[in-house]
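Containing PDB, C-alpha atoms, pLDDT in the B column: data-v3.pdb.
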ATOM      1  CA  MET A   1     115.347 124.383  93.367  1.00 66.00           C
ATOM      2  CA  PRO A   2     113.182 124.463  90.245  1.00 73.00           C
ATOM      3  CA  LYS A   3     109.526 123.746  90.818  1.00 73.00           C
ATOM      4  CA  VAL A   4     107.619 121.447  88.497  1.00 66.00           C
ATOM      5  CA  THR A   5     103.945 122.054  87.872  1.00 73.00           C
ATOM      6  CA  LEU A   6     101.871 119.239  86.466  1.00 69.00           C
ATOM      7  CA  GLU A   7      98.475 119.544  84.908  1.00 78.00           C
ATOM      8  CA  ILE A   8      96.666 116.310  85.644  1.00 79.00           C
ATOM      9  CA  ASP A   9      93.162 115.045  85.266  1.00 83.00           C
ATOM     10  CA  LEU A  10      91.401 115.790  88.561  1.00 87.00           C
ATOM     11  CA  ASP A  11      89.382 112.556  88.506  1.00 86.00           C
ATOM     12  CA  LEU A  12      92.515 110.445  88.023  1.00 83.00           C
ATOM     13  CA  TYR A  13      94.280 112.337  90.800  1.00 86.00           C
ATOM     14  CA  ARG A  14      91.362 111.740  93.170  1.00 89.00           C
ATOM     15  CA  LEU A  15      91.369 108.041  92.309  1.00 86.00           C
ATOM     16  CA  LEU A  16      95.070 107.907  93.102  1.00 86.00           C
ATOM     17  CA  GLN A  17      94.481 109.710  96.423  1.00 90.00           C
ATOM     18  CA  HIS A  18      91.699 107.277  97.285  1.00 90.00           C
ATOM     19  CA  ALA A  19      93.899 104.289  96.462  1.00 88.00           C
ATOM     20  CA  ALA A  20      96.688 105.683  98.637  1.00 89.00           C
ATOM     21  CA  ARG A  21      94.313 106.146 101.582  1.00 92.00           C
ATOM     22  CA  THR A  22      92.769 102.704 101.077  1.00 90.00           C
ATOM     23  CA  ASN A  23      96.225 101.106 101.019  1.00 86.00           C
ATOM     24  CA  GLN A  24      97.348 103.298 103.953  1.00 92.00           C
ATOM     25  CA  LEU A  25     100.172 104.734 101.855  1.00 91.00           C
ATOM     26  CA  SER A  26     101.413 108.192 101.001  1.00 89.00           C
ATOM     27  CA  MET A  27     100.836 109.435  97.480  1.00 86.00           C
ATOM     28  CA  GLU A  28     104.502 108.810  96.721  1.00 84.00           C
ATOM     29  CA  GLU A  29     104.328 105.249  98.048  1.00 87.00           C
ATOM     30  CA  GLU A  30     101.188 104.564  96.009  1.00 85.00           C
ATOM     31  CA  CYS A  31     102.905 105.854  92.878  1.00 82.00           C
ATOM     32  CA  LEU A  32     105.943 103.671  93.592  1.00 82.00           C
ATOM     33  CA  ARG A  33     103.714 100.664  94.221  1.00 84.00           C
ATOM     34  CA  ARG A  34     102.026 101.156  90.877  1.00 80.00           C
ATOM     35  CA  LEU A  35     105.282 101.732  89.037  1.00 76.00           C
ATOM     36  CA  GLU A  36     106.905  98.643  90.547  1.00 80.00           C
ATOM     37  CA  GLY A  37     103.859  96.447  90.043  1.00 73.00           C
ATOM     38  CA  GLY A  38     103.126  97.306  86.442  1.00 59.00           C
ATOM     39  CA  ALA A  39     104.785  95.737  83.451  1.00 48.00           C
ATOM     40  CA  ARG A  40     104.219  98.968  81.560  1.00 57.00           C
ATOM     41  CA  ARG A  41     105.784 102.205  82.845  1.00 60.00           C
ATOM     42  CA  SER A  42     103.410 105.135  82.952  1.00 68.00           C
ATOM     43  CA  ARG A  43     104.864 108.518  82.003  1.00 75.00           C
ATOM     44  CA  TYR A  44     102.036 110.132  83.954  1.00 77.00           C
ATOM     45  CA  MET A  45     102.923 108.189  87.105  1.00 74.00           C
ATOM     46  CA  GLU A  46     106.650 108.847  86.701  1.00 78.00           C
ATOM     47  CA  ALA A  47     106.034 112.589  86.328  1.00 81.00           C
ATOM     48  CA  LEU A  48     103.694 112.658  89.313  1.00 81.00           C
ATOM     49  CA  LEU A  49     106.215 110.755  91.427  1.00 81.00           C
ATOM     50  CA  ALA A  50     108.974 113.192  90.456  1.00 85.00           C
ATOM     51  CA  ASP A  51     106.738 116.103  91.445  1.00 86.00           C
ATOM     52  CA  LEU A  52     105.872 114.520  94.789  1.00 85.00           C
ATOM     53  CA  ARG A  53     109.555 113.891  95.524  1.00 86.00           C
ATOM     54  CA  ALA A  54     110.440 117.490  94.659  1.00 88.00           C
ATOM     55  CA  ASP A  55     107.688 118.776  96.950  1.00 87.00           C
ATOM     56  CA  ASP A  56     108.904 116.512  99.760  1.00 85.00           C
ATOM     57  CA  GLU A  57     112.502 117.677  99.347  1.00 88.00           C
ATOM     58  CA  GLN A  58     111.346 121.294  99.355  1.00 88.00           C
ATOM     59  CA  ARG A  59     109.393 120.756 102.591  1.00 86.00           C
ATOM     60  CA  ARG A  60     112.403 119.102 104.242  1.00 86.00           C
ATOM     61  CA  ALA A  61     114.704 121.932 103.159  1.00 89.00           C
ATOM     62  CA  GLN A  62     112.335 124.523 104.603  1.00 88.00           C
ATOM     63  CA  LYS A  63     112.257 122.718 107.963  1.00 84.00           C
ATOM     64  CA  ASN A  64     116.057 122.824 108.260  1.00 74.00           C
TER      65      ASN A  64
END
What does this structure look like when you write it as structure tokens?
Amino acid sequence: MPKVTLEIDLDLYRLLQHAARTNQLSMEEECLRRLEGGARRSRYMEALLADLRADDEQRRAQKN
């Protein structure tokens, strides 16, 4: 499976992590929440969500 590497602003990533913890959500769930709740789609959020999904699929494949 191809691996996607994203270069993201560290401060924005930390804010997203904090929001996920505060809302008791995973990073993927927080991204989905933001994508579903916003009228405007964020390319940054969509790319981050795709990366998180790929990482999750890779982890699941390694367990099996």
Which one is closest to Glu7 (chain A): A:Asp55, A:Tyr44, A:Leu32, A:Asn64? Count all atoms listed in the file.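 When distances to Glu7 (chain A) are compared using all atoms listed in the file, the smallest one comes from A:Tyr44.
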CA of Glu36 (chain A) to CA of Arg14 (chain A), straight-line distance in Å: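 Straight-line distance from CA of Arg14 (chain A) to CA of Glu36 (chain A) works out to 20.5 Å.
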One decimal, in Å: what's the spacing between CA of Leu35 (chain A) and CA of Arg53 (chain A)?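 Separating CA of Leu35 (chain A) from CA of Arg53 (chain A) is a distance of 14.4 Å.
Residue nearest Arg43 (chain A) within the list A:Leu15, A:Ala20, A:Ile8, A:Ala61: A:Ile8 [criterion: smallest interatomic distance, all atoms listed in the file].
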Name the closest residue to Ala50 (chain A) among the candidates A:Leu16, A:Asp9, A:Leu25, A:Cys31; distances are taken between atoms, counting only C-alpha atoms.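 Answer, going by the shortest atom-to-atom distance: A:Cys31.
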Selected residue of minimal separation from Tyr13 (chain A) among A:Leu48, A:Ser26, A:Gln62, A:Gly37, counting only C-alpha atoms: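 Nearest candidate to Tyr13 (chain A) out of A:Leu48, A:Ser26, A:Gln62, A:Gly37: A:Leu48.
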4 Å per side around region 11-17 of chain A: axis-aligned box centre and edge lengths, as AutoDock Vina command-line options:
--center_x 92.2 --center_y 110.2 --center_z 92.2 --size_x 13.7 --size_y 12.6 --size_z 16.4
Repaired coordinates for region 2-13 of chain A (N, CA and C atoms) as a compact mmCIF listing (two decimals), in the coordinates of the input:
# COMPACT_ATOMS: atom_id res chain seq x y z
N PRO A 2 114.28 124.23 91.19
CA PRO A 2 113.18 124.46 90.24
C PRO A 2 111.93 123.73 90.70
N LYS A 3 110.81 124.35 90.46
CA LYS A 3 109.53 123.75 90.82
C LYS A 3 108.86 123.24 89.55
N VAL A 4 108.31 122.05 89.62
CA VAL A 4 107.62 121.45 88.50
C VAL A 4 106.12 121.54 88.75
N THR A 5 105.40 121.99 87.77
CA THR A 5 103.94 122.05 87.87
C THR A 5 103.35 121.10 86.85
N LEU A 6 102.52 120.21 87.34
CA LEU A 6 101.87 119.24 86.47
C LEU A 6 100.40 119.57 86.32
N GLU A 7 99.91 119.45 85.13
CA GLU A 7 98.48 119.54 84.91
C GLU A 7 97.98 118.11 84.74
N ILE A 8 97.15 117.68 85.68
CA ILE A 8 96.67 116.31 85.64
C ILE A 8 95.15 116.30 85.70
N ASP A 9 94.60 115.23 85.23
CA ASP A 9 93.16 115.04 85.27
C ASP A 9 92.73 114.90 86.72
N LEU A 10 91.82 115.76 87.17
CA LEU A 10 91.40 115.79 88.56
C LEU A 10 90.78 114.46 89.00
N ASP A 11 90.00 113.84 88.15
CA ASP A 11 89.38 112.56 88.51
C ASP A 11 90.43 111.48 88.72
N LEU A 12 91.44 111.44 87.86
CA LEU A 12 92.52 110.44 88.02
C LEU A 12 93.31 110.71 89.29
N TYR A 13 93.56 111.98 89.59
CA TYR A 13 94.28 112.34 90.80
C TYR A 13 93.50 111.91 92.04
